[in-house]
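Dropping query_34.tsv in here (TSV, C-alpha atoms):
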```tsv
chain	number	residue	atom	x	y	z
W	1	MET	CA	6.32	-13.80	-8.35
W	2	LEU	CA	9.66	-13.95	-6.68
W	3	VAL	CA	12.28	-16.15	-8.25
W	4	ILE	CA	14.40	-16.92	-5.23
W	5	SER	CA	17.89	-17.59	-6.57
W	6	ASN	CA	19.45	-18.49	-3.23
W	7	SER	CA	18.38	-19.66	0.20
W	8	ASN	CA	19.44	-16.36	1.82
W	9	LYS	CA	16.48	-14.49	0.34
W	10	MET	CA	14.16	-17.21	1.63
W	11	VAL	CA	15.61	-16.91	5.15
W	12	PHE	CA	15.21	-13.11	5.13
W	13	LEU	CA	11.62	-13.47	3.90
W	14	PHE	CA	10.80	-15.76	6.85
W	15	ILE	CA	12.53	-13.37	9.29
W	16	LEU	CA	10.46	-10.52	7.77
W	17	PHE	CA	7.22	-12.40	8.51
W	18	PHE	CA	8.24	-13.45	12.01
W	19	SER	CA	9.48	-9.98	12.99
W	20	THR	CA	5.96	-8.64	12.36
W	21	LEU	CA	4.56	-11.37	14.62
W	22	ILE	CA	7.13	-10.45	17.32
W	23	SER	CA	6.02	-6.80	17.23
W	24	ILE	CA	2.26	-7.33	17.25
W	25	SER	CA	2.36	-10.02	19.94
W	26	SER	CA	4.78	-8.19	22.24
W	27	ASN	CA	3.49	-6.97	25.62
W	28	SER	CA	6.04	-4.14	25.96
W	29	TRP	CA	6.99	-1.12	23.84
W	30	LEU	CA	10.60	-2.30	23.77
W	31	GLY	CA	9.55	-5.64	22.31
W	32	CYS	CA	7.62	-3.79	19.60
W	33	TRP	CA	10.73	-1.73	18.83
W	34	ILE	CA	12.93	-4.84	18.59
W	35	GLY	CA	10.43	-6.42	16.17
W	36	LEU	CA	10.50	-3.27	14.00
W	37	GLU	CA	14.32	-3.30	13.89
W	38	ILE	CA	14.44	-6.99	12.89
W	39	ASN	CA	11.83	-6.21	10.22
W	40	LEU	CA	13.94	-3.37	8.83
W	41	LEU	CA	17.16	-5.41	8.74
W	42	SER	CA	15.45	-8.37	7.04
W	43	PHE	CA	13.75	-6.30	4.30
W	44	ILE	CA	16.94	-4.51	3.13
W	45	PRO	CA	18.65	-7.73	1.86
W	46	LEU	CA	15.44	-8.55	-0.05
W	47	MET	CA	15.62	-5.17	-1.80
W	48	THR	CA	19.28	-5.28	-2.82
W	49	THR	CA	20.49	-7.03	-5.96
W	50	PRO	CA	24.16	-6.73	-6.95
W	51	ASN	CA	23.53	-5.72	-10.59
W	52	ASN	CA	21.03	-2.92	-10.00
W	53	LEU	CA	22.25	0.46	-8.72
W	54	LEU	CA	18.68	1.74	-8.25
W	55	ASN	CA	18.01	-1.08	-5.77
W	56	SER	CA	21.09	-0.19	-3.72
W	57	GLU	CA	20.06	3.47	-3.62
W	58	ALA	CA	16.50	2.55	-2.64
W	59	SER	CA	17.68	0.25	0.16
W	60	LEU	CA	19.97	2.96	1.56
W	61	LYS	CA	17.13	5.54	1.53
W	62	TYR	CA	14.83	2.98	3.15
W	63	PHE	CA	17.38	2.23	5.89
W	64	LEU	CA	17.88	5.93	6.70
W	65	THR	CA	14.19	6.85	6.91
W	66	GLN	CA	13.24	3.75	8.89
W	67	SER	CA	16.09	4.23	11.36
W	68	ILE	CA	15.04	7.87	11.93
W	69	ALA	CA	11.48	6.64	12.65
W	70	SER	CA	12.87	3.95	14.99
W	71	ILE	CA	14.94	6.54	16.89
W	72	ASN	CA	11.82	8.68	17.36
W	73	PHE	CA	9.88	5.66	18.56
W	74	LEU	CA	12.61	4.72	21.03
W	75	PHE	CA	12.77	8.33	22.25
W	76	ALA	CA	8.99	8.26	22.86
W	77	ILE	CA	9.28	4.96	24.78
W	78	LEU	CA	12.01	6.38	27.07
W	79	LEU	CA	10.06	9.60	27.53
W	80	ASN	CA	7.04	7.57	28.59
W	81	LEU	CA	9.19	5.60	31.02
W	82	PHE	CA	10.63	8.67	32.78
W	83	LEU	CA	7.65	11.01	32.65
W	84	MET	CA	4.78	8.57	33.10
W	85	LYS	CA	3.22	10.56	35.93
W	86	LYS	CA	3.11	13.86	34.02
W	87	LEU	CA	-0.36	13.78	32.46
W	88	PHE	CA	0.08	17.03	30.51
W	89	LEU	CA	2.79	15.31	28.37
W	90	MET	CA	0.53	12.44	27.33
W	91	SER	CA	-0.78	14.05	24.13
W	92	PHE	CA	2.77	15.07	23.16
W	93	PHE	CA	3.96	11.50	23.76
W	94	SER	CA	1.12	10.05	21.65
W	95	ILE	CA	1.90	12.46	18.76
W	96	ILE	CA	5.55	11.34	18.76
W	97	ILE	CA	4.58	7.65	18.69
W	98	ASN	CA	1.93	8.24	16.00
W	99	SER	CA	4.41	10.25	13.91
W	100	ALA	CA	7.06	7.51	14.16
W	101	MET	CA	4.53	4.91	13.00
W	102	LEU	CA	3.28	7.16	10.17
W	103	MET	CA	6.87	7.62	9.02
W	104	LYS	CA	7.34	3.84	9.05
W	105	MET	CA	4.29	3.45	6.78
W	106	GLY	CA	5.15	6.29	4.41
W	107	SER	CA	2.14	8.39	5.37
W	108	ILE	CA	1.67	12.14	5.02
W	109	PRO	CA	3.61	14.31	6.07
W	110	PHE	CA	6.52	11.82	6.00
W	111	HIS	CA	5.68	10.37	2.60
W	112	PHE	CA	8.50	11.80	0.46
W	113	TRP	CA	10.67	8.67	0.69
W	114	PHE	CA	7.89	6.28	-0.30
W	115	PRO	CA	7.41	6.93	-4.08
W	116	ASN	CA	11.19	7.29	-4.59
W	117	ILE	CA	11.92	3.93	-3.00
W	118	MET	CA	9.03	2.24	-4.79
W	119	ASP	CA	10.49	3.47	-8.10
W	120	GLY	CA	13.77	1.65	-7.52
W	121	ILE	CA	12.65	-1.86	-6.49
W	122	SER	CA	11.09	-4.93	-8.12
W	123	TRP	CA	7.34	-5.59	-8.27
W	124	PHE	CA	7.55	-8.25	-5.57
W	125	ASN	CA	9.30	-5.84	-3.18
W	126	CYS	CA	6.75	-3.15	-4.12
W	127	PHE	CA	3.99	-5.54	-3.05
W	128	ILE	CA	5.70	-6.25	0.32
W	129	LEU	CA	6.33	-2.53	0.93
W	130	MET	CA	2.70	-1.60	0.13
W	131	THR	CA	1.09	-4.35	2.21
W	132	TRP	CA	3.10	-6.40	4.73
W	133	GLN	CA	5.32	-3.51	5.87
W	134	LYS	CA	2.19	-1.57	6.93
W	135	ILE	CA	0.88	-4.24	9.34
W	136	THR	CA	3.21	-3.60	12.32
W	137	PRO	CA	3.01	0.23	12.28
W	138	MET	CA	-0.79	0.11	11.92
W	139	ILE	CA	-1.22	-2.26	14.86
W	140	LEU	CA	1.17	-0.19	17.03
W	141	LEU	CA	-0.67	2.97	15.95
W	142	SER	CA	-3.93	1.45	17.20
W	143	TYR	CA	-2.44	1.10	20.73
W	144	TYR	CA	-2.00	4.85	21.12
W	145	LEU	CA	-4.39	6.77	18.86
W	146	ASN	CA	-4.35	10.56	18.99
W	147	PHE	CA	-7.69	11.22	17.27
W	148	ASN	CA	-7.36	14.97	16.64
W	149	TYR	CA	-3.97	14.48	15.00
W	150	LEU	CA	-5.06	11.47	12.91
W	151	TYR	CA	-8.19	13.15	11.49
W	152	PHE	CA	-5.95	15.67	9.73
W	153	ILE	CA	-3.52	12.96	8.65
W	154	MET	CA	-6.38	10.88	7.16
W	155	ILE	CA	-7.73	13.76	5.09
W	156	PHE	CA	-4.30	14.84	3.78
W	157	ASN	CA	-3.44	11.21	2.95
W	158	VAL	CA	-6.43	10.73	0.68
W	159	LEU	CA	-5.98	14.17	-0.94
W	160	ILE	CA	-2.24	13.98	-1.59
W	161	GLY	CA	-2.51	10.32	-2.65
W	162	ALA	CA	-4.99	11.42	-5.33
W	163	ILE	CA	-3.32	14.68	-6.40
W	164	GLY	CA	0.18	13.16	-6.44
W	165	SER	CA	-0.97	10.56	-8.98
W	166	PHE	CA	-1.34	13.26	-11.66
W	167	ASN	CA	1.45	13.46	-14.28
W	168	GLN	CA	3.14	10.25	-13.09
W	169	THR	CA	4.83	8.28	-15.85
W	170	SER	CA	6.05	5.45	-13.61
W	171	LEU	CA	3.54	2.74	-12.71
W	172	ARG	CA	5.40	2.05	-9.47
W	173	LYS	CA	5.08	5.68	-8.38
W	174	LEU	CA	1.39	5.55	-9.35
W	175	MET	CA	0.95	2.49	-7.13
W	176	ALA	CA	2.85	4.30	-4.34
W	177	PHE	CA	0.45	7.27	-4.43
W	178	SER	CA	-2.48	4.86	-4.59
W	179	SER	CA	-1.05	3.23	-1.45
W	180	ILE	CA	-0.82	6.65	0.29
W	181	ASN	CA	-4.47	7.27	-0.64
W	182	ASN	CA	-5.55	3.88	0.71
W	183	LEU	CA	-3.56	4.54	3.88
W	184	GLY	CA	-5.98	7.39	4.68
W	185	TRP	CA	-8.87	4.94	4.34
W	186	MET	CA	-7.03	2.38	6.48
W	187	ILE	CA	-6.35	4.86	9.29
W	188	SER	CA	-10.05	5.81	9.35
W	189	ALA	CA	-10.96	2.09	9.41
W	190	MET	CA	-8.49	1.58	12.29
W	191	ILE	CA	-10.08	4.46	14.26
W	192	ILE	CA	-13.50	2.83	13.75
W	193	SER	CA	-12.48	-0.74	14.67
W	194	GLU	CA	-9.63	-3.19	14.17
W	195	ASN	CA	-11.95	-5.68	12.47
W	196	LEU	CA	-12.93	-3.13	9.83
W	197	TRP	CA	-9.25	-2.30	9.33
W	198	LEU	CA	-8.50	-6.01	8.87
W	199	ILE	CA	-11.25	-6.37	6.22
W	200	TYR	CA	-10.02	-3.26	4.38
W	201	PHE	CA	-6.39	-4.36	4.59
W	202	ILE	CA	-7.10	-7.88	3.25
W	203	PHE	CA	-9.03	-6.50	0.26
W	204	TYR	CA	-6.37	-3.86	-0.43
W	205	SER	CA	-3.63	-6.53	-0.26
W	206	ILE	CA	-5.51	-8.74	-2.74
W	207	PHE	CA	-5.85	-5.94	-5.31
W	208	SER	CA	-2.26	-4.76	-4.82
W	209	PHE	CA	-1.10	-8.33	-5.39
W	210	ILE	CA	-3.18	-8.65	-8.57
W	211	MET	CA	-1.82	-5.37	-9.99
W	212	CYS	CA	1.81	-6.21	-9.10
W	213	PHE	CA	1.39	-9.72	-10.53
W	214	LEU	CA	-0.05	-8.42	-13.83
W	215	PHE	CA	2.71	-5.83	-14.23
W	216	TYR	CA	5.32	-8.46	-13.30
W	217	ILE	CA	4.27	-11.06	-15.87
W	218	VAL	CA	4.30	-8.53	-18.73
W	219	ASN	CA	7.42	-6.84	-17.26
W	220	ILE	CA	6.25	-3.23	-17.55
W	221	PHE	CA	7.20	-0.28	-15.32
W	222	PHE	CA	5.97	2.81	-17.21
W	223	ILE	CA	2.61	4.02	-18.50
W	224	ASN	CA	3.78	4.41	-22.12
W	225	GLN	CA	4.59	0.68	-22.14
W	226	LEU	CA	0.92	0.03	-21.37
W	227	VAL	CA	-0.11	2.21	-24.29
W	228	PHE	CA	2.21	1.17	-27.08
W	229	PHE	CA	3.15	-2.44	-26.53
W	230	ASN	CA	1.54	-5.22	-28.53
W	231	MET	CA	0.04	-6.87	-25.50
W	232	ASN	CA	-2.40	-9.71	-25.23
W	233	PHE	CA	-5.83	-8.02	-25.28
W	234	LEU	CA	-6.94	-10.10	-22.27
W	235	ILE	CA	-4.05	-8.61	-20.23
W	236	LYS	CA	-5.13	-5.07	-21.15
W	237	ILE	CA	-8.73	-5.80	-20.12
W	238	SER	CA	-7.47	-7.43	-16.88
W	239	ILE	CA	-5.33	-4.40	-16.00
W	240	MET	CA	-8.34	-2.16	-16.76
W	241	ILE	CA	-10.74	-4.15	-14.55
W	242	ASN	CA	-8.30	-4.35	-11.65
W	243	PHE	CA	-7.31	-0.67	-11.93
W	244	LEU	CA	-10.99	0.26	-11.58
W	245	SER	CA	-11.36	-2.17	-8.69
W	246	LEU	CA	-8.32	-0.67	-6.94
W	247	GLY	CA	-9.83	2.80	-7.42
W	248	GLY	CA	-13.10	1.63	-5.82
W	249	LEU	CA	-15.64	1.79	-8.65
W	250	PRO	CA	-18.97	0.39	-7.39
W	251	PRO	CA	-19.63	-2.77	-9.47
W	252	PHE	CA	-16.19	-4.13	-8.61
W	253	MET	CA	-15.00	-5.83	-5.45
W	254	GLY	CA	-12.66	-2.94	-4.51
W	255	PHE	CA	-15.68	-0.82	-3.66
W	256	PHE	CA	-16.84	-3.17	-0.90
W	257	PRO	CA	-14.34	-2.18	1.87
W	258	LYS	CA	-14.69	1.52	0.97
W	259	TRP	CA	-18.47	1.10	1.17
W	260	LEU	CA	-18.14	-0.24	4.72
W	261	VAL	CA	-15.96	2.71	5.80
W	262	ILE	CA	-18.25	5.32	4.15
W	263	ASN	CA	-21.29	3.62	5.69
W	264	TYR	CA	-19.85	3.99	9.19
W	265	LEU	CA	-18.65	7.57	8.63
W	266	LEU	CA	-22.11	8.66	7.43
W	267	ASN	CA	-23.87	6.89	10.31
W	268	ASN	CA	-21.68	8.81	12.76
W	269	ASN	CA	-22.17	12.20	11.05
W	270	PHE	CA	-18.66	12.52	9.59
W	271	PHE	CA	-20.12	14.05	6.44
W	272	ILE	CA	-17.18	16.27	5.48
W	273	ILE	CA	-14.59	13.48	5.91
W	274	SER	CA	-16.69	11.00	3.89
W	275	PHE	CA	-17.22	13.65	1.15
W	276	ILE	CA	-13.44	14.25	0.91
W	277	PHE	CA	-12.79	10.48	0.79
W	278	VAL	CA	-15.28	9.95	-2.03
W	279	MET	CA	-13.96	12.93	-4.02
W	280	SER	CA	-10.37	11.67	-3.72
W	281	SER	CA	-11.48	8.27	-5.04
W	282	LEU	CA	-13.11	10.02	-8.00
W	283	ILE	CA	-9.85	11.85	-8.80
W	284	LEU	CA	-7.96	8.53	-8.69
W	285	LEU	CA	-10.56	6.87	-10.93
W	286	PHE	CA	-10.22	9.74	-13.41
W	287	ILE	CA	-6.44	9.15	-13.54
W	288	TYR	CA	-6.87	5.38	-13.99
W	289	ILE	CA	-9.55	5.80	-16.68
W	290	ARG	CA	-7.30	8.23	-18.58
W	291	ILE	CA	-4.53	5.59	-18.64
W	292	ILE	CA	-6.96	2.81	-19.62
W	293	TYR	CA	-8.55	4.95	-22.36
W	294	SER	CA	-5.16	5.67	-23.99
W	295	SER	CA	-4.15	2.02	-23.66
W	296	LEU	CA	-7.31	0.70	-25.36
W	297	MET	CA	-7.41	3.41	-28.07
W	298	PHE	CA	-3.88	2.61	-29.19
W	299	PHE	CA	-4.44	-1.13	-29.29
W	300	SER	CA	-4.22	-1.19	-33.11
W	301	PHE	CA	-0.71	0.28	-32.91
W	302	LYS	CA	1.31	-2.94	-33.14
W	303	LEU	CA	5.07	-3.18	-32.78
W	304	LYS	CA	6.19	-6.37	-34.50
W	305	TRP	CA	9.44	-6.63	-32.54
W	306	PHE	CA	7.64	-6.83	-29.19
W	307	LYS	CA	5.66	-9.95	-28.38
W	308	ILE	CA	4.47	-11.41	-25.11
W	309	PHE	CA	3.99	-15.16	-25.08
W	310	MET	CA	1.65	-16.26	-22.33
W	311	LYS	CA	1.71	-19.72	-20.84
W	312	ASN	CA	-1.70	-21.31	-20.31
W	313	ASN	CA	-1.26	-21.64	-16.53
W	314	ILE	CA	-0.62	-17.86	-16.25
W	315	LEU	CA	-3.82	-17.18	-18.20
W	316	ILE	CA	-5.78	-19.29	-15.68
W	317	TYR	CA	-4.52	-17.02	-12.85
W	318	ILE	CA	-5.54	-13.94	-14.80
W	319	TYR	CA	-9.06	-15.32	-15.39
W	320	PHE	CA	-9.32	-16.07	-11.67
W	321	PHE	CA	-8.24	-12.53	-10.69
W	322	ASN	CA	-10.79	-11.02	-13.08
W	323	PHE	CA	-13.45	-13.29	-11.60
W	324	ILE	CA	-12.61	-11.98	-8.08
W	325	SER	CA	-12.86	-8.36	-9.21
W	326	LEU	CA	-16.02	-8.73	-11.31
W	327	LEU	CA	-18.16	-11.03	-9.20
W	328	GLY	CA	-17.08	-9.58	-5.88
W	329	MET	CA	-20.05	-7.26	-5.45
W	330	ILE	CA	-22.53	-10.07	-6.09
W	331	ILE	CA	-20.89	-12.05	-3.26
W	332	SER	CA	-20.69	-8.98	-1.01
W	333	THR	CA	-24.46	-8.41	-1.15
W	334	PHE	CA	-24.89	-11.52	1.01
W	335	PHE	CA	-23.22	-9.71	3.93
W	336	PHE	CA	-26.08	-7.24	4.27
```
What does the file become when written as structure tokens?
Amino acid sequence: MLVISNSNKMVFLFILFFSTLISISSNSWLGCWIGLEINLLSFIPLMTTPNNLLNSEASLKYFLTQSIASINFLFAILLNLFLMKKLFLMSFFSIIINSAMLMKMGSIPFHFWFPNIMDGISWFNCFILMTWQKITPMILLSYYLNFNYLYFIMIFNVLIGAIGSFNQTSLRKLMAFSSINNLGWMISAMIISENLWLIYFIFYSIFSFIMCFLFYIVNIFFINQLVFFNMNFLIKISIMINFLSLGGLPPFMGFFPKWLVINYLLNNNFFIISFIFVMSSLILLFIYIRIIYSSLMFFSFKLKWFKIFMKNNILIYIYFFNFISLLGMIISTFFF
């Protein structure tokens, strides 16, 4: 997906991966903070390209929001150091740390930067921002969970992720709101257990990668490009299948991690939360189906000046991705 033109980008990509490992394997809060800073400073060079002004703007916005979150995190660490004995400040301290991590991830109520930045970067960077950049904050969040605070955050994440997807013309913004929605599911999975979070995160990363890869190979960024362009019919069907899988429609593999989360929530009498989660997924599916419906209805509308020539090896990848999405539920039945 990423055509690395120089070795610098490769170096920054490796630093990005290792900084996450530094944070999650550190045994002190300060070590976690250092890992987050290295992560921030290695992702910005990946975002910037000299020819694109949108990329420069996005990287500046990203730097500002992430540094504000880092300052809050550092403030919470120092507060903990000086006022460790004061038990009445513990909940306040945990809310500051949780808020700093939520801001790092682009969660509600600090989500305003996330769709704007997603709209100005390439599909490969979108994939990193939606998946890898969430690992460190999620793990650090799990060290200091404030349950009462996070229940509200979870619910608002899934609701605003679904409602914000309405009237979006940009596919990258649509993926950003989908990511905010899935973040609510991931926080609930993290509250339940880290293993469940890991399962959910791996599945979410796979489907985000498939969507970003499909949009990258046909080079589209807006919904009207999906509708009007004379695309290979297989690509349209692939985008349809993987959109439904990302939304969590039952026959597809994307439903499996959501099924696990709902199963646990219902077993522990979280009926209202599970109802809100399911309803938000339905809203997202409605939005995806509306896009797919328009795209398939207008398939006969052919523009002769626009052609996409697919190489055979790319088609093999697409068949494989469809196979993952379609046959996933058959495989997942063996787990029960």
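Take CA of Phe147 (chain W) and CA of Ile96 (chain W): the distance between them is 13.3 Å.
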Within 6 Å of region 170-193 of chain W, which residues of region 29-139 of chain W come that close, and what is the closest atom pair and distance in Å for each? Count all atoms listed in the file and give it as a Markdown table.
```
| residue | atom | partner | partner_atom | distance |
| --- | --- | --- | --- | --- |
| W:Pro115 | CA | W:Lys173 | CA | 5.0 |
| W:Met118 | CA | W:Arg172 | CA | 5.9 |
| W:Asp119 | CA | W:Arg172 | CA | 5.5 |
```
Counting only C-alpha atoms, which residues of region 166-212 of chain W sit at most 12 Å from some atom of region 316-320 of chain W, and what is each one's closest atom pair with its distance in Å to one decimal, listed by chain and rising residue number, as JSON lines?
```
{"residue": "W:Phe209", "atom": "CA", "partner": "W:Ile318", "partner_atom": "CA", "distance": 11.8}
{"residue": "W:Ile210", "atom": "CA", "partner": "W:Ile318", "partner_atom": "CA", "distance": 8.5}
{"residue": "W:Met211", "atom": "CA", "partner": "W:Ile318", "partner_atom": "CA", "distance": 10.5}
```
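Taking CA of Tyr149 (chain W) and CA of Ile272 (chain W) as the two end points, the separation is 16.4 Å.
Between CA of Ser70 (chain W) and CA of Phe82 (chain W) the separation is 18.5 Å.
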Find the residues around Leu140 (chain W) up to 12 Å (all atoms listed in the file counted), leave out those fewer than 5 positions away in its own chain, and share them as a compact mmCIF listing (two decimals) with C-alpha atoms, in the frame of the given file.
```txt
# COMPACT_ATOMS: atom_id res chain seq x y z
CA THR W 20 5.96 -8.64 12.36
CA LEU W 21 4.56 -11.37 14.62
CA ILE W 22 7.13 -10.45 17.32
CA SER W 23 6.02 -6.80 17.23
CA ILE W 24 2.26 -7.33 17.25
CA SER W 25 2.36 -10.02 19.94
CA SER W 26 4.78 -8.19 22.24
CA ASN W 27 3.49 -6.97 25.62
CA SER W 28 6.04 -4.14 25.96
CA TRP W 29 6.99 -1.12 23.84
CA LEU W 30 10.60 -2.30 23.77
CA GLY W 31 9.55 -5.64 22.31
CA CYS W 32 7.62 -3.79 19.60
CA TRP W 33 10.73 -1.73 18.83
CA GLY W 35 10.43 -6.42 16.17
CA LEU W 36 10.50 -3.27 14.00
CA PHE W 73 9.88 5.66 18.56
CA SER W 94 1.12 10.05 21.65
CA ILE W 97 4.58 7.65 18.69
CA ASN W 98 1.93 8.24 16.00
CA SER W 99 4.41 10.25 13.91
CA ALA W 100 7.06 7.51 14.16
CA MET W 101 4.53 4.91 13.00
CA LEU W 102 3.28 7.16 10.17
CA LYS W 104 7.34 3.84 9.05
CA MET W 105 4.29 3.45 6.78
CA LYS W 134 2.19 -1.57 6.93
CA ILE W 135 0.88 -4.24 9.34
CA LEU W 145 -4.39 6.77 18.86
CA ILE W 187 -6.35 4.86 9.29
CA MET W 190 -8.49 1.58 12.29
CA GLU W 194 -9.63 -3.19 14.17
```
Worksheet item: Leaving out Phe152 (chain W) and any residue of its chain fewer than 3 positions from it, which residues lie within 12 Å of it when counting all atoms listed in the file, given as a PyMOL selection string?
Response: chain W and resi 107-109+146-149+155-159+184+187-188+273+276
Within 9 Å of Tyr62 (chain W), counting all atoms listed in the file, which residues show up once you throw out same-chain ones fewer than 4 positions away? Write them as a short mmCIF file (atom, residue, chain, number, x, y, z; two decimals) with C-alpha atoms, keeping the file's coordinate frame, please.
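To be explicit, this is the file written out as selection17.cif:
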```cif
data_model
loop_
_atom_site.label_atom_id
_atom_site.label_comp_id
_atom_site.auth_asym_id
_atom_site.auth_seq_id
_atom_site.Cartn_x
_atom_site.Cartn_y
_atom_site.Cartn_z
CA LEU W 40 13.94 -3.37 8.83
CA ILE W 44 16.94 -4.51 3.13
CA GLU W 57 20.06 3.47 -3.62
CA ALA W 58 16.50 2.55 -2.64
CA GLN W 66 13.24 3.75 8.89
CA SER W 67 16.09 4.23 11.36
CA TRP W 113 10.67 8.67 0.69
CA PHE W 114 7.89 6.28 -0.30
CA ILE W 117 11.92 3.93 -3.00
#
```
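Between Phe243 (chain W) and the residues W:Gln133, W:Thr49, W:Ser208, W:Ser122, the shortest atom-to-atom distance, using only C-alpha atoms, involves W:Ser208.
Minimum atom-to-atom distance to Trp132 (chain W), evaluated using all atoms listed in the file, belongs to W:Phe18 out of W:Phe18, W:Phe270, W:Tyr288, W:Phe323.
In terms of minimum interatomic distance to Ile71 (chain W), W:Met103 ranks closest within W:Leu249, W:Met240, W:Phe92, W:Met103, counting all atoms listed in the file.
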Where atoms are absent from region 251-267 of chain W, fill them in so it carries N, CA and C atoms, then output it as a PDB file, in the coordinates of the input.
```pdb
ATOM      1  N   PRO W 251     -19.305  -1.354  -9.199  1.00  0.00           N
ATOM      2  CA  PRO W 251     -19.630  -2.770  -9.470  1.00  0.00           C
ATOM      3  C   PRO W 251     -18.523  -3.736  -9.095  1.00  0.00           C
ATOM      4  N   PHE W 252     -17.328  -3.244  -8.855  1.00  0.00           N
ATOM      5  CA  PHE W 252     -16.190  -4.130  -8.610  1.00  0.00           C
ATOM      6  C   PHE W 252     -15.979  -4.360  -7.111  1.00  0.00           C
ATOM      7  N   MET W 253     -15.203  -5.413  -6.836  1.00  0.00           N
ATOM      8  CA  MET W 253     -15.000  -5.830  -5.450  1.00  0.00           C
ATOM      9  C   MET W 253     -14.265  -4.776  -4.619  1.00  0.00           C
ATOM     10  N   GLY W 254     -13.421  -3.952  -5.242  1.00  0.00           N
ATOM     11  CA  GLY W 254     -12.660  -2.940  -4.510  1.00  0.00           C
ATOM     12  C   GLY W 254     -13.525  -1.898  -3.833  1.00  0.00           C
ATOM     13  N   PHE W 255     -14.771  -1.786  -4.282  1.00  0.00           N
ATOM     14  CA  PHE W 255     -15.680  -0.820  -3.660  1.00  0.00           C
ATOM     15  C   PHE W 255     -16.188  -1.291  -2.304  1.00  0.00           C
ATOM     16  N   PHE W 256     -16.218  -2.601  -2.104  1.00  0.00           N
ATOM     17  CA  PHE W 256     -16.840  -3.170  -0.900  1.00  0.00           C
ATOM     18  C   PHE W 256     -16.229  -2.654   0.408  1.00  0.00           C
ATOM     19  N   PRO W 257     -14.887  -2.708   0.604  1.00  0.00           N
ATOM     20  CA  PRO W 257     -14.340  -2.180   1.870  1.00  0.00           C
ATOM     21  C   PRO W 257     -14.543  -0.676   2.022  1.00  0.00           C
ATOM     22  N   LYS W 258     -14.473   0.066   0.903  1.00  0.00           N
ATOM     23  CA  LYS W 258     -14.690   1.520   0.970  1.00  0.00           C
ATOM     24  C   LYS W 258     -16.149   1.813   1.349  1.00  0.00           C
ATOM     25  N   TRP W 259     -17.037   0.983   0.852  1.00  0.00           N
ATOM     26  CA  TRP W 259     -18.470   1.100   1.170  1.00  0.00           C
ATOM     27  C   TRP W 259     -18.684   0.961   2.676  1.00  0.00           C
ATOM     28  N   LEU W 260     -18.003  -0.013   3.274  1.00  0.00           N
ATOM     29  CA  LEU W 260     -18.140  -0.240   4.720  1.00  0.00           C
ATOM     30  C   LEU W 260     -17.666   0.982   5.514  1.00  0.00           C
ATOM     31  N   VAL W 261     -16.518   1.546   5.099  1.00  0.00           N
ATOM     32  CA  VAL W 261     -15.960   2.710   5.800  1.00  0.00           C
ATOM     33  C   VAL W 261     -16.890   3.910   5.652  1.00  0.00           C
ATOM     34  N   ILE W 262     -17.350   4.170   4.410  1.00  0.00           N
ATOM     35  CA  ILE W 262     -18.250   5.320   4.150  1.00  0.00           C
ATOM     36  C   ILE W 262     -19.543   5.162   4.941  1.00  0.00           C
ATOM     37  N   ASN W 263     -20.048   3.936   4.975  1.00  0.00           N
ATOM     38  CA  ASN W 263     -21.290   3.620   5.690  1.00  0.00           C
ATOM     39  C   ASN W 263     -21.173   4.024   7.157  1.00  0.00           C
ATOM     40  N   TYR W 264     -20.039   3.654   7.779  1.00  0.00           N
ATOM     41  CA  TYR W 264     -19.850   3.990   9.190  1.00  0.00           C
ATOM     42  C   TYR W 264     -19.691   5.495   9.372  1.00  0.00           C
ATOM     43  N   LEU W 265     -18.894   6.129   8.508  1.00  0.00           N
ATOM     44  CA  LEU W 265     -18.650   7.570   8.630  1.00  0.00           C
ATOM     45  C   LEU W 265     -19.953   8.366   8.525  1.00  0.00           C
ATOM     46  N   LEU W 266     -20.825   7.951   7.595  1.00  0.00           N
ATOM     47  CA  LEU W 266     -22.110   8.660   7.430  1.00  0.00           C
ATOM     48  C   LEU W 266     -23.028   8.420   8.618  1.00  0.00           C
ATOM     49  N   ASN W 267     -23.027   7.199   9.140  1.00  0.00           N
ATOM     50  CA  ASN W 267     -23.870   6.890  10.310  1.00  0.00           C
ATOM     51  C   ASN W 267     -23.465   7.683  11.540  1.00  0.00           C
TER      52      ASN W 267
END
```
